[in-house]
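Listing of run_20.tsv, TSV, C-alpha atoms and all ligand atoms
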chain	number	residue	atom	x	y	z
Z	15	MET	CA	52.01	-78.96	20.14
Z	16	LYS	CA	50.30	-81.36	17.76
Z	17	ILE	CA	50.28	-85.04	18.70
Z	18	LEU	CA	49.24	-87.79	16.31
Z	19	LEU	CA	48.01	-90.96	18.04
Z	20	LEU	CA	47.87	-94.00	15.75
Z	21	GLY	CA	45.80	-97.03	16.76
Z	22	ALA	CA	43.30	-95.14	18.91
Z	23	ASN	CA	40.87	-98.09	19.06
Z	24	GLY	CA	43.37	-100.59	20.47
Z	25	GLN	CA	43.80	-101.43	24.16
Z	26	LEU	CA	46.58	-98.90	24.61
Z	27	GLY	CA	45.26	-96.30	22.17
Z	28	ARG	CA	41.89	-96.24	23.90
Z	29	SER	CA	43.57	-95.89	27.30
Z	30	PHE	CA	45.49	-92.85	25.99
Z	31	ILE	CA	42.22	-91.26	24.84
Z	32	GLU	CA	40.33	-92.04	28.06
Z	33	HIS	CA	43.22	-90.81	30.22
Z	34	GLY	CA	43.20	-87.42	28.51
Z	35	GLY	CA	46.87	-86.64	29.27
Z	36	LEU	CA	47.96	-86.45	25.63
Z	37	ALA	CA	45.12	-84.13	24.72
Z	38	ARG	CA	46.14	-81.78	27.55
Z	39	GLN	CA	49.59	-81.37	25.97
Z	40	GLY	CA	48.20	-79.67	22.88
Z	41	SER	CA	45.98	-80.73	20.03
Z	42	LEU	CA	45.50	-84.47	19.71
Z	43	ILE	CA	44.74	-86.11	16.37
Z	44	ALA	CA	43.48	-89.64	16.93
Z	45	ALA	CA	43.77	-92.01	13.97
Z	46	THR	CA	42.22	-95.43	13.44
Z	47	ARG	CA	42.31	-97.99	10.67
Z	48	ASP	CA	38.87	-97.01	9.33
Z	49	GLY	CA	38.35	-93.45	10.58
Z	50	LEU	CA	35.83	-94.58	13.22
Z	51	ARG	CA	36.61	-94.20	16.93
Z	52	PHE	CA	35.41	-96.52	19.73
Z	53	ASP	CA	33.35	-93.74	21.36
Z	54	GLY	CA	31.77	-92.50	18.14
Z	55	ALA	CA	34.00	-89.42	17.87
Z	56	GLU	CA	35.59	-88.57	14.55
Z	57	ALA	CA	39.05	-89.88	13.80
Z	58	GLU	CA	41.63	-89.56	11.07
Z	59	THR	CA	42.07	-92.64	8.87
Z	60	ALA	CA	45.47	-94.30	8.89
Z	61	ASP	CA	45.78	-97.83	7.55
Z	62	LEU	CA	49.25	-99.14	8.33
Z	63	SER	CA	48.80	-102.07	5.97
Z	64	GLN	CA	49.19	-99.42	3.24
Z	65	PRO	CA	52.40	-97.74	4.37
Z	66	GLU	CA	52.50	-95.55	1.22
Z	67	SER	CA	49.27	-93.85	2.38
Z	68	LEU	CA	50.91	-92.54	5.53
Z	69	GLN	CA	53.19	-89.84	4.12
Z	70	PRO	CA	50.36	-87.75	2.59
Z	71	MET	CA	48.45	-87.97	5.86
Z	72	LEU	CA	51.53	-86.87	7.82
Z	73	ASP	CA	52.16	-84.01	5.37
Z	74	ARG	CA	48.59	-82.87	5.88
Z	75	HIS	CA	48.68	-82.82	9.69
Z	76	ARG	CA	52.37	-82.11	10.35
Z	77	PRO	CA	52.40	-83.46	13.94
Z	78	ASP	CA	55.17	-82.53	16.39
Z	79	ILE	CA	55.04	-85.96	18.05
Z	80	ILE	CA	53.85	-89.31	16.66
Z	81	VAL	CA	52.64	-91.89	19.18
Z	82	ASN	CA	52.21	-95.24	17.44
Z	83	THR	CA	50.06	-97.76	19.32
Z	84	ALA	CA	48.71	-99.41	16.15
Z	85	ALA	CA	49.98	-102.92	15.47
Z	86	TYR	CA	49.14	-106.32	14.13
Z	87	THR	CA	48.94	-108.23	17.45
Z	88	ALA	CA	47.32	-111.59	16.56
Z	89	VAL	CA	50.28	-113.75	17.59
Z	90	ASP	CA	49.01	-117.08	16.24
Z	91	ARG	CA	47.38	-115.67	13.08
Z	92	ALA	CA	50.62	-113.90	12.20
Z	93	GLU	CA	52.16	-117.31	11.50
Z	94	SER	CA	50.01	-117.53	8.36
Z	95	GLU	CA	49.90	-113.76	7.60
Z	96	GLU	CA	53.52	-112.76	8.12
Z	97	ALA	CA	53.67	-110.49	5.07
Z	98	LEU	CA	50.69	-108.46	6.32
Z	99	ALA	CA	52.05	-108.36	9.89
Z	100	THR	CA	55.41	-107.15	8.55
Z	101	ARG	CA	53.80	-104.40	6.47
Z	102	ILE	CA	51.94	-103.09	9.52
Z	103	ASN	CA	54.54	-103.69	12.24
Z	104	GLY	CA	57.66	-103.23	10.12
Z	105	ASP	CA	57.31	-101.26	6.87
Z	106	ALA	CA	54.77	-98.72	8.18
Z	107	VAL	CA	56.99	-97.95	11.17
Z	108	GLY	CA	59.84	-97.29	8.75
Z	109	VAL	CA	57.66	-94.76	6.88
Z	110	LEU	CA	56.77	-93.01	10.16
Z	111	GLY	CA	60.46	-92.90	11.09
Z	112	THR	CA	61.56	-91.54	7.72
Z	113	TRP	CA	58.98	-88.75	7.82
Z	114	ALA	CA	59.82	-87.97	11.46
Z	115	ALA	CA	63.58	-87.80	10.72
Z	116	ALA	CA	63.01	-85.43	7.81
Z	117	ASN	CA	60.76	-83.21	9.93
Z	118	GLN	CA	62.62	-83.49	13.26
Z	119	VAL	CA	59.69	-85.07	15.00
Z	120	LEU	CA	59.77	-87.51	17.94
Z	121	VAL	CA	58.32	-91.00	17.44
Z	122	VAL	CA	57.00	-92.88	20.48
Z	123	HIS	CA	56.63	-96.50	19.46
Z	124	TYR	CA	55.83	-99.75	21.29
Z	125	SER	CA	57.39	-103.14	20.86
Z	126	THR	CA	57.30	-106.47	22.63
Z	127	ASP	CA	59.02	-109.09	24.78
Z	128	TYR	CA	58.39	-111.51	21.87
Z	129	VAL	CA	61.52	-110.15	20.12
Z	130	PHE	CA	63.55	-112.38	22.50
Z	131	ASN	CA	63.98	-116.15	22.29
Z	132	GLY	CA	62.93	-116.74	25.90
Z	133	ARG	CA	65.91	-118.88	26.75
Z	134	GLY	CA	67.32	-116.27	29.19
Z	135	THR	CA	67.38	-116.77	32.94
Z	136	THR	CA	67.73	-113.17	34.12
Z	137	PRO	CA	65.69	-110.11	33.03
Z	138	TYR	CA	66.55	-109.03	29.45
Z	139	ALA	CA	68.35	-105.68	29.16
Z	140	PRO	CA	67.20	-103.43	26.29
Z	141	ASP	CA	70.41	-104.19	24.37
Z	142	ALA	CA	70.26	-107.99	24.89
Z	143	PRO	CA	70.46	-109.96	21.62
Z	144	THR	CA	67.09	-110.45	19.92
Z	145	GLU	CA	65.90	-113.66	18.29
Z	146	PRO	CA	62.13	-113.83	17.80
Z	147	LEU	CA	60.54	-117.27	17.87
Z	148	GLY	CA	57.59	-116.39	15.64
Z	149	ALA	CA	56.21	-114.19	12.88
Z	150	TYR	CA	54.70	-111.55	15.19
Z	151	GLY	CA	58.03	-111.11	17.01
Z	152	ARG	CA	59.91	-110.94	13.71
Z	153	SER	CA	57.52	-108.30	12.37
Z	154	LYS	CA	57.88	-106.20	15.54
Z	155	LEU	CA	61.68	-106.53	15.38
Z	156	ALA	CA	61.53	-105.31	11.77
Z	157	GLY	CA	59.71	-102.21	13.05
Z	158	GLU	CA	62.32	-101.63	15.77
Z	159	GLN	CA	65.12	-101.86	13.21
Z	160	ALA	CA	63.35	-99.63	10.68
Z	161	LEU	CA	62.76	-96.96	13.31
Z	162	ALA	CA	66.37	-97.04	14.51
Z	163	ALA	CA	67.66	-96.94	10.91
Z	164	SER	CA	65.41	-93.98	10.01
Z	165	GLY	CA	67.47	-91.63	12.15
Z	166	ALA	CA	64.35	-90.22	13.84
Z	167	ALA	CA	64.45	-89.27	17.51
Z	168	HIS	CA	62.53	-92.04	19.21
Z	169	LEU	CA	61.35	-93.57	22.44
Z	170	LEU	CA	61.04	-97.25	21.58
Z	171	LEU	CA	59.18	-98.78	24.50
Z	172	ARG	CA	59.08	-102.57	24.74
Z	173	THR	CA	56.22	-103.75	26.87
Z	174	ALA	CA	54.65	-107.18	27.56
Z	175	TRP	CA	51.52	-109.11	28.52
Z	176	VAL	CA	49.37	-105.99	28.09
Z	177	TYR	CA	45.83	-105.88	29.46
Z	178	ALA	CA	43.09	-103.36	30.18
Z	179	PRO	CA	39.44	-103.35	31.25
Z	180	HIS	CA	38.63	-103.18	27.51
Z	181	GLY	CA	39.84	-104.89	24.34
Z	182	ASN	CA	41.28	-108.31	23.61
Z	183	ASN	CA	43.50	-109.56	26.37
Z	184	PHE	CA	44.32	-112.53	28.59
Z	185	LEU	CA	42.51	-111.12	31.65
Z	186	ARG	CA	39.21	-110.73	29.79
Z	187	THR	CA	39.64	-114.16	28.18
Z	188	MET	CA	40.19	-115.78	31.60
Z	189	LEU	CA	37.15	-114.07	33.16
Z	190	ARG	CA	34.98	-115.11	30.19
Z	191	LEU	CA	36.20	-118.71	30.14
Z	192	GLY	CA	36.04	-118.86	33.94
Z	193	ALA	CA	32.34	-117.99	33.83
Z	194	GLU	CA	31.70	-120.78	31.31
Z	195	ARG	CA	33.86	-123.62	32.66
Z	196	GLU	CA	34.53	-125.42	35.97
Z	197	GLN	CA	38.21	-125.80	35.18
Z	198	LEU	CA	40.80	-123.80	33.21
Z	199	LYS	CA	44.13	-125.26	32.16
Z	200	VAL	CA	46.82	-122.58	31.91
Z	201	VAL	CA	50.51	-122.78	31.04
Z	202	ALA	CA	52.81	-122.41	34.03
Z	203	ASP	CA	56.19	-122.51	32.28
Z	204	GLN	CA	56.13	-119.11	30.55
Z	205	GLN	CA	57.21	-116.20	32.78
Z	206	GLY	CA	56.52	-112.52	32.15
Z	207	SER	CA	55.25	-109.26	33.64
Z	208	PRO	CA	51.54	-108.52	33.16
Z	209	THR	CA	51.38	-104.80	32.37
Z	210	ASP	CA	48.18	-102.77	32.44
Z	211	THR	CA	47.65	-99.98	29.93
Z	212	ARG	CA	47.18	-97.32	32.63
Z	213	LEU	CA	50.76	-97.93	33.75
Z	214	ILE	CA	51.99	-97.65	30.15
Z	215	VAL	CA	50.07	-94.40	29.60
Z	216	ASP	CA	51.27	-92.81	32.87
Z	217	ALA	CA	54.87	-93.86	32.30
Z	218	THR	CA	54.84	-92.72	28.65
Z	219	LEU	CA	53.52	-89.30	29.69
Z	220	ALA	CA	56.32	-89.05	32.28
Z	221	ALA	CA	58.89	-89.93	29.60
Z	222	LEU	CA	57.36	-87.35	27.24
Z	223	SER	CA	57.53	-84.70	29.92
Z	224	SER	CA	61.27	-85.46	30.45
Z	225	TRP	CA	61.72	-85.22	26.68
Z	226	GLN	CA	60.04	-81.85	26.48
Z	227	GLN	CA	62.20	-80.43	29.25
Z	228	ALA	CA	65.43	-81.77	27.73
Z	229	ASP	CA	67.85	-79.77	25.59
Z	230	ALA	CA	69.17	-81.13	22.27
Z	231	GLY	CA	72.14	-82.93	23.86
Z	232	ARG	CA	70.00	-84.60	26.51
Z	233	ARG	CA	67.46	-85.61	23.85
Z	234	ARG	CA	70.21	-87.40	21.95
Z	235	GLU	CA	70.95	-89.35	25.15
Z	236	LEU	CA	67.29	-90.13	25.82
Z	237	SER	CA	66.46	-91.33	22.29
Z	238	GLY	CA	66.55	-95.14	22.26
Z	239	THR	CA	65.03	-98.39	23.48
Z	240	TYR	CA	63.51	-98.94	26.93
Z	241	HIS	CA	61.67	-101.73	28.71
Z	242	LEU	CA	58.36	-100.41	29.99
Z	243	VAL	CA	56.77	-103.22	32.00
Z	244	ALA	CA	55.37	-103.56	35.51
Z	245	SER	CA	57.83	-104.81	38.12
Z	246	GLY	CA	57.98	-108.44	39.23
Z	247	HIS	CA	56.96	-111.45	37.19
Z	248	THR	CA	54.73	-114.50	37.16
Z	249	SER	CA	53.53	-117.25	34.81
Z	250	TRP	CA	50.32	-117.13	32.78
Z	251	HIS	CA	49.00	-119.64	35.36
Z	252	GLY	CA	50.06	-117.32	38.19
Z	253	PHE	CA	48.40	-114.39	36.44
Z	254	ALA	CA	45.17	-116.34	35.86
Z	255	SER	CA	45.08	-117.43	39.52
Z	256	ALA	CA	45.66	-113.85	40.69
Z	257	ILE	CA	42.88	-112.58	38.40
Z	258	MET	CA	40.41	-115.02	39.94
Z	259	GLN	CA	41.55	-114.31	43.52
Z	260	GLU	CA	41.26	-110.57	42.97
Z	261	ALA	CA	37.78	-110.88	41.48
Z	262	LYS	CA	36.68	-113.26	44.26
Z	263	ALA	CA	38.04	-111.01	47.02
Z	264	ARG	CA	35.67	-108.31	45.79
Z	265	GLY	CA	32.72	-110.68	45.74
Z	266	LEU	CA	32.54	-110.41	41.97
Z	267	LEU	CA	32.56	-114.10	41.13
Z	268	ALA	CA	29.75	-116.46	42.03
Z	269	ARG	CA	32.07	-119.41	41.50
Z	270	VAL	CA	35.83	-119.60	41.13
Z	271	PRO	CA	36.99	-122.11	38.51
Z	272	GLU	CA	39.82	-124.46	39.24
Z	273	ILE	CA	43.01	-123.19	37.54
Z	274	THR	CA	45.21	-126.16	36.67
Z	275	PRO	CA	48.88	-125.58	35.77
Z	276	ILE	CA	50.01	-127.20	32.51
Z	277	SER	CA	53.14	-127.12	30.40
Z	278	THR	CA	53.49	-125.30	27.08
Z	279	ARG	CA	53.61	-128.72	25.39
Z	280	GLN	CA	50.12	-129.45	26.73
Z	281	PHE	CA	48.74	-126.27	25.10
Z	282	PRO	CA	49.90	-126.40	21.48
Z	283	THR	CA	49.54	-123.16	19.50
Z	284	PRO	CA	50.61	-122.15	15.95
Z	285	ALA	CA	53.16	-119.64	17.35
Z	286	GLN	CA	55.92	-120.60	19.72
Z	287	ARG	CA	56.05	-118.23	22.72
Z	288	PRO	CA	59.10	-117.37	24.83
Z	289	GLY	CA	59.51	-119.32	28.10
Z	290	TRP	CA	61.37	-116.51	29.89
Z	291	SER	CA	59.94	-113.14	28.91
Z	292	VAL	CA	61.02	-110.98	31.83
Z	293	LEU	CA	62.35	-107.54	30.84
Z	294	ASP	CA	64.72	-105.43	32.92
Z	295	ASN	CA	62.84	-102.16	33.43
Z	296	SER	CA	65.50	-100.42	35.56
Z	297	GLY	CA	66.80	-98.27	32.66
Z	298	PHE	CA	63.38	-96.68	32.13
Z	299	GLN	CA	63.01	-95.96	35.86
Z	300	ARG	CA	66.48	-94.43	36.04
Z	301	GLN	CA	66.35	-92.28	32.89
Z	302	PHE	CA	62.88	-90.87	33.48
Z	303	GLY	CA	62.85	-90.96	37.32
Z	304	TYR	CA	59.60	-92.87	37.15
Z	305	PRO	CA	59.06	-95.86	39.48
Z	306	LEU	CA	57.33	-98.81	37.81
Z	307	PRO	CA	55.01	-100.52	40.32
Z	308	ALA	CA	54.49	-104.26	40.86
Z	309	TRP	CA	52.16	-105.93	38.36
Z	310	GLN	CA	49.65	-106.77	41.12
Z	311	GLN	CA	48.84	-103.07	41.56
Z	312	GLY	CA	47.61	-102.76	37.98
Z	313	LEU	CA	45.58	-105.95	38.30
Z	314	ARG	CA	43.69	-104.56	41.29
Z	315	HIS	CA	42.91	-101.37	39.42
Z	316	VAL	CA	41.75	-103.13	36.25
Z	317	ILE	CA	39.46	-105.52	38.15
Z	318	GLU	CA	37.95	-102.61	40.08
Z	319	THR	CA	37.41	-100.62	36.89
Z	320	LEU	CA	35.95	-103.60	35.08
Z	321	TYR	CA	33.36	-104.07	37.77
Z	322	GLY	CA	32.61	-100.37	38.07
Z	323	LEU	CA	34.10	-100.02	41.56
Z	324	VAL	CA	36.19	-97.02	40.59
Z	325	PRO	CA	35.24	-94.27	38.13
S	401	LIG	N1	48.76	-106.73	23.58
S	401	LIG	C1	49.90	-107.11	24.17
S	401	LIG	O1	49.92	-108.03	25.00
S	401	LIG	C2	51.18	-106.42	23.85
S	401	LIG	C3	51.25	-105.37	22.97
S	401	LIG	N2	52.47	-104.80	22.66
S	401	LIG	C4	52.54	-103.71	21.71
S	401	LIG	O2	51.89	-102.59	22.30
S	401	LIG	C5	51.24	-101.82	21.28
S	401	LIG	C6	49.77	-101.66	21.62
S	401	LIG	O3	49.17	-102.94	21.66
S	401	LIG	P1	47.65	-103.17	22.05
S	401	LIG	O4	46.97	-101.88	22.30
S	401	LIG	O5	47.63	-104.21	23.10
S	401	LIG	O6	47.12	-103.82	20.70
S	401	LIG	P2	45.62	-104.00	20.20
S	401	LIG	O7	45.62	-105.21	19.36
S	401	LIG	O8	44.67	-103.89	21.32
S	401	LIG	O9	45.42	-102.71	19.30
S	401	LIG	C7	46.11	-102.55	18.11
S	401	LIG	C8	45.38	-101.52	17.30
S	401	LIG	O10	46.07	-101.46	16.05
S	401	LIG	C9	45.10	-101.35	15.07
S	401	LIG	N3	45.54	-101.84	13.78
S	401	LIG	C10	45.75	-103.11	13.39
S	401	LIG	N4	46.04	-103.14	12.08
S	401	LIG	C11	45.99	-101.87	11.64
S	401	LIG	C12	46.19	-101.26	10.40
S	401	LIG	N5	46.46	-101.96	9.31
S	401	LIG	N6	46.08	-99.93	10.30
S	401	LIG	C13	45.77	-99.19	11.38
S	401	LIG	N7	45.57	-99.71	12.59
S	401	LIG	C14	45.68	-101.04	12.72
S	401	LIG	C15	43.92	-102.18	15.53
S	401	LIG	O11	42.80	-101.71	14.81
S	401	LIG	P3	41.33	-102.34	14.91
S	401	LIG	O12	40.84	-101.89	16.25
S	401	LIG	O13	40.65	-101.72	13.76
S	401	LIG	O14	41.54	-103.81	14.82
S	401	LIG	C16	43.91	-101.88	17.00
S	401	LIG	O15	43.07	-100.81	17.30
S	401	LIG	C17	51.53	-102.56	19.98
S	401	LIG	O16	52.69	-102.03	19.39
S	401	LIG	C18	51.82	-103.98	20.42
S	401	LIG	O17	52.66	-104.68	19.50
S	401	LIG	C19	53.63	-105.20	23.24
S	401	LIG	C20	53.61	-106.23	24.12
S	401	LIG	C21	52.39	-106.89	24.56
S	402	LIG	C1	43.26	-119.01	26.52
S	402	LIG	C2	44.39	-119.78	27.14
S	402	LIG	C3	45.70	-119.45	26.88
S	402	LIG	N1	46.71	-120.15	27.45
S	402	LIG	C4	48.10	-119.77	27.18
S	402	LIG	C5	48.52	-119.65	25.74
S	402	LIG	C6	49.71	-118.71	25.84
S	402	LIG	O1	50.88	-119.46	26.13
S	402	LIG	C7	49.37	-117.82	27.01
S	402	LIG	C8	48.89	-116.44	26.62
S	402	LIG	O2	47.93	-116.54	25.62
S	402	LIG	P1	47.39	-115.34	24.77
S	402	LIG	O3	47.12	-115.89	23.41
S	402	LIG	O4	46.29	-114.69	25.51
S	402	LIG	O5	48.56	-114.34	24.76
S	402	LIG	P2	49.47	-113.81	23.58
S	402	LIG	O6	48.63	-113.37	22.46
S	402	LIG	O7	50.59	-114.74	23.31
S	402	LIG	O8	50.05	-112.54	24.34
S	402	LIG	C9	51.06	-111.82	23.75
S	402	LIG	O9	50.49	-110.83	22.92
S	402	LIG	C10	51.44	-110.13	22.16
S	402	LIG	C11	50.70	-109.09	21.34
S	402	LIG	C12	52.58	-109.63	22.94
S	402	LIG	O10	53.29	-108.73	22.50
S	402	LIG	C13	53.02	-110.39	24.16
S	402	LIG	O11	53.67	-109.59	25.12
S	402	LIG	C14	51.92	-111.17	24.81
S	402	LIG	O12	51.09	-110.37	25.63
S	402	LIG	O13	48.33	-118.49	27.73
S	402	LIG	C15	46.47	-121.20	28.30
S	402	LIG	O14	47.40	-121.86	28.81
S	402	LIG	N2	45.17	-121.55	28.57
S	402	LIG	C16	44.11	-120.89	28.01
S	402	LIG	O15	42.94	-121.25	28.27
Just give me the structure as structure tokens.
Amino acid sequence: MKILLLGANGQLGRSFIEHGGLARQGSLIAATRDGLRFDGAEAETADLSQPESLQPMLDRHRPDIIVNTAAYTAVDRAESEEALATRINGDAVGVLGTWAAANQVLVVHYSTDYVFNGRGTTPYAPDAPTEPLGAYGRSKLAGEQALAASGAAHLLLRTAWVYAPHGNNFLRTMLRLGAEREQLKVVADQQGSPTDTRLIVDATLAALSSWQQADAGRRRELSGTYHLVASGHTSWHGFASAIMQEAKARGLLARVPEITPISTRQFPTPAQRPGWSVLDNSGFQRQFGYPLPAWQQGLRHVIETLYGLVP
């Protein structure tokens, strides 16, 4: 079994490498944008902003499974770079799908809560109507549609509010700003489910294991879109407060900043973000028999890892 992991230097890609579970399934080819890996190991080069470069690379390696964690994720910057975001998040995914369909290969791909307009009031089902509010969401929706249209077998996993002990994420931003400032103002009227990368890796490996045990008919049933997020939800303000409380409870903060709730209007950004971003994850749990824990569990683990309390 040959597995190609794209985006190995990102939050999620790095968590896949550090976890080791993919590598244990066979031979793992890690690919990054520039051929350099975060830990100095060698990597394949795969630049998704040049979708036409991907087919020769795929022909060379002939993977049995493609796991695509690479993406253009700069939500605000995407507003002024939509063409680039769409090449990476849309066109390149179409190329992966086309190759996978022709070679009967499974594509595991990640998408986002930002494909919805955020005007819902109950958790979004995977087949709920999409209507992205910004360029990033539109580019990710283009990728979803290209993958579905390619005819490739796929596990399209929408996740949200992703964080890890490493990489660019809200948790690390809050801890950094909290060390610099007495007070942080954080939006309290956007709701979502903070999801740590370890949960995504564990749950993806469980889904892959179901896939490998399934016959052709069952695989046809399993191929599709799922919501892979932690259970429960909170606001960005709630998440920031929980981050500080968790760090304080472990004696890791000398001083806890005041976290003041504000409205989205009081924090203007180039991209509009959904107000209600809660995804219904029951379909994933049911199909793969994998319980998705409450978001607070991942937070505890990430804080402990960040401060070296667990290996
Ligand atoms: N972060 C989040 O909050 C959420 C993420 N998602 C989705 O989950 C997946 C994983 O996201 P996450 O790990 O957080 O994202 P990151 O931004 O941490 O990582 C994305 C990776 O993609 C790589 N990348 C960007 N452009 C290219 C390119 N042109 N060619 C090759 N690689 C490229 C980046 O490379 P480099 O390191 O060189 O910059 C980076 O390593 C993505 O599909 C994302 O859309 C969904 C919901 C929430
Ligand atoms: C830094 C900061 C942000 N905020 C707000 C802005 C925004 O509404 C919210 C989150 O800000 P961020 O820019 O960190 O998050 P953002 O980049 O919007 O996060 C998104 O990333 C993409 C990739 C996804 O797919 C989404 O699921 C989601 O995780 O917090 C504050 O209110 N105060 C602050 O000090």
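Across Z:Glu272, Z:Asp73, Z:Glu93, Z:Asp105, the tightest approach to ligand LIG 401 (chain S) is made by Z:Asp105 when counting all atoms listed in the file.
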Contacts of Pro140 of chain Z at 10 Å (all atoms listed in the file; same-chain gap of 4+ positions) as a PDB file with C-alpha atoms, in the coordinates of the input:
ATOM      1  CA  THR Z 144      67.090-110.450  19.920  1.00  0.00           C
ATOM      2  CA  LEU Z 170      61.040 -97.250  21.580  1.00  0.00           C
ATOM      3  CA  LEU Z 171      59.180 -98.780  24.500  1.00  0.00           C
ATOM      4  CA  ARG Z 172      59.080-102.570  24.740  1.00  0.00           C
ATOM      5  CA  GLY Z 238      66.550 -95.140  22.260  1.00  0.00           C
ATOM      6  CA  THR Z 239      65.030 -98.390  23.480  1.00  0.00           C
ATOM      7  CA  TYR Z 240      63.510 -98.940  26.930  1.00  0.00           C
ATOM      8  CA  HIS Z 241      61.670-101.730  28.710  1.00  0.00           C
ATOM      9  CA  LEU Z 293      62.350-107.540  30.840  1.00  0.00           C
ATOM     10  CA  ASP Z 294      64.720-105.430  32.920  1.00  0.00           C
ATOM     11  CA  ASN Z 295      62.840-102.160  33.430  1.00  0.00           C
ATOM     12  CA  SER Z 296      65.500-100.420  35.560  1.00  0.00           C
ATOM     13  CA  GLY Z 297      66.800 -98.270  32.660  1.00  0.00           C
ATOM     14  CA  PHE Z 298      63.380 -96.680  32.130  1.00  0.00           C
TER      15      PHE Z 298
END
Select the residues contacting ligand LIG 401 (chain S) at a distance of at most 8 Å, based on only C-alpha atoms and all ligand atoms, then format the selection as an mmCIF file with C-alpha atoms, in the frame of the given file.
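Dumped to result_18.cif:
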data_model
loop_
_atom_site.group_PDB
_atom_site.id
_atom_site.type_symbol
_atom_site.label_atom_id
_atom_site.label_comp_id
_atom_site.auth_asym_id
_atom_site.auth_seq_id
_atom_site.Cartn_x
_atom_site.Cartn_y
_atom_site.Cartn_z
ATOM 1 C CA LEU Z 20 47.870 -94.000 15.750
ATOM 2 C CA GLY Z 21 45.800 -97.030 16.760
ATOM 3 C CA ALA Z 22 43.300 -95.140 18.910
ATOM 4 C CA ASN Z 23 40.870 -98.090 19.060
ATOM 5 C CA GLY Z 24 43.370 -100.590 20.470
ATOM 6 C CA GLN Z 25 43.800 -101.430 24.160
ATOM 7 C CA LEU Z 26 46.580 -98.900 24.610
ATOM 8 C CA GLY Z 27 45.260 -96.300 22.170
ATOM 9 C CA ARG Z 28 41.890 -96.240 23.900
ATOM 10 C CA ALA Z 45 43.770 -92.010 13.970
ATOM 11 C CA THR Z 46 42.220 -95.430 13.440
ATOM 12 C CA ARG Z 47 42.310 -97.990 10.670
ATOM 13 C CA ASP Z 48 38.870 -97.010 9.330
ATOM 14 C CA THR Z 59 42.070 -92.640 8.870
ATOM 15 C CA ALA Z 60 45.470 -94.300 8.890
ATOM 16 C CA ASP Z 61 45.780 -97.830 7.550
ATOM 17 C CA LEU Z 62 49.250 -99.140 8.330
ATOM 18 C CA SER Z 63 48.800 -102.070 5.970
ATOM 19 C CA GLN Z 64 49.190 -99.420 3.240
ATOM 20 C CA ASN Z 82 52.210 -95.240 17.440
ATOM 21 C CA THR Z 83 50.060 -97.760 19.320
ATOM 22 C CA ALA Z 84 48.710 -99.410 16.150
ATOM 23 C CA ALA Z 85 49.980 -102.920 15.470
ATOM 24 C CA TYR Z 86 49.140 -106.320 14.130
ATOM 25 C CA THR Z 87 48.940 -108.230 17.450
ATOM 26 C CA ALA Z 88 47.320 -111.590 16.560
ATOM 27 C CA ILE Z 102 51.940 -103.090 9.520
ATOM 28 C CA ASN Z 103 54.540 -103.690 12.240
ATOM 29 C CA HIS Z 123 56.630 -96.500 19.460
ATOM 30 C CA TYR Z 124 55.830 -99.750 21.290
ATOM 31 C CA SER Z 125 57.390 -103.140 20.860
ATOM 32 C CA THR Z 126 57.300 -106.470 22.630
ATOM 33 C CA ASP Z 127 59.020 -109.090 24.780
ATOM 34 C CA TYR Z 128 58.390 -111.510 21.870
ATOM 35 C CA LYS Z 154 57.880 -106.200 15.540
ATOM 36 C CA ARG Z 172 59.080 -102.570 24.740
ATOM 37 C CA THR Z 173 56.220 -103.750 26.870
ATOM 38 C CA ALA Z 174 54.650 -107.180 27.560
ATOM 39 C CA TRP Z 175 51.520 -109.110 28.520
ATOM 40 C CA VAL Z 176 49.370 -105.990 28.090
ATOM 41 C CA TYR Z 177 45.830 -105.880 29.460
ATOM 42 C CA GLY Z 181 39.840 -104.890 24.340
ATOM 43 C CA ASN Z 182 41.280 -108.310 23.610
ATOM 44 C CA ASN Z 183 43.500 -109.560 26.370
ATOM 45 C CA THR Z 211 47.650 -99.980 29.930
#
Open item on the list: Please list as a list in words every residue within 8 Å of Ala261 of chain Z, counting all atoms listed in the file and excluding residues in the same chain fewer than 5 positions away.
Closed with: Leu266, Leu267 and Ile317 of chain Z
Test item: axis-aligned box, all listed atoms of ligand LIG 402 (chain S), 6 Å on each side, centre and edges in Å rounded to one decimal, as JSON:
{"center_x": 48.3, "center_y": -115.3, "center_z": 25.1, "size_x": 22.7, "size_y": 25.1, "size_z": 19.5}
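If you look at atom CA of Leu242 of chain Z and atom CA of Leu110 of chain Z, they are 21.2 Å away from each other.
In this model, the gap between atom CA of Glu96 of chain Z and atom CA of Ser153 of chain Z comes to 7.3 Å.
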Open item on the list: Using all atoms listed in the file for the distances, tell me which of Z:Ala193, Z:Ile43, Z:Leu185, Z:Val81 is nearest to Arg269 of chain Z.
Closed with: Z:Ala193
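Between ligand LIG 402 (chain S) and the residues Z:Ser224, Z:Gln286, Z:Gln299, Z:Ser245, the shortest atom-to-atom distance, using all atoms listed in the file, involves Z:Gln286.
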Task: Residue contacts of Gly108 of chain Z (10 Å, all atoms listed in the file) excluding same-chain residues fewer than 3 positions away, as a list in words - done: Pro65, Arg101, Ile102, Asn103, Gly104, Asp105, Gly111, Thr112, Trp113, Ala114, Ala156, Gly157, Glu158, Gln159, Ala160, Leu161, Ala162, Ala163, Ser164 and Ala166 of chain Z
Task: Residue among Z:Glu260, Z:Asp203, Z:Asp229, Z:Asp216 lying closest to ligand LIG 402 (chain S), counting all atoms listed in the file - done: Z:Asp203
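Proximity to Ala308 of chain Z was assessed for Z:His247, Z:His75, Z:Arg195, Z:Arg152 counting only C-alpha atoms; the smallest distance is recorded for Z:His247.
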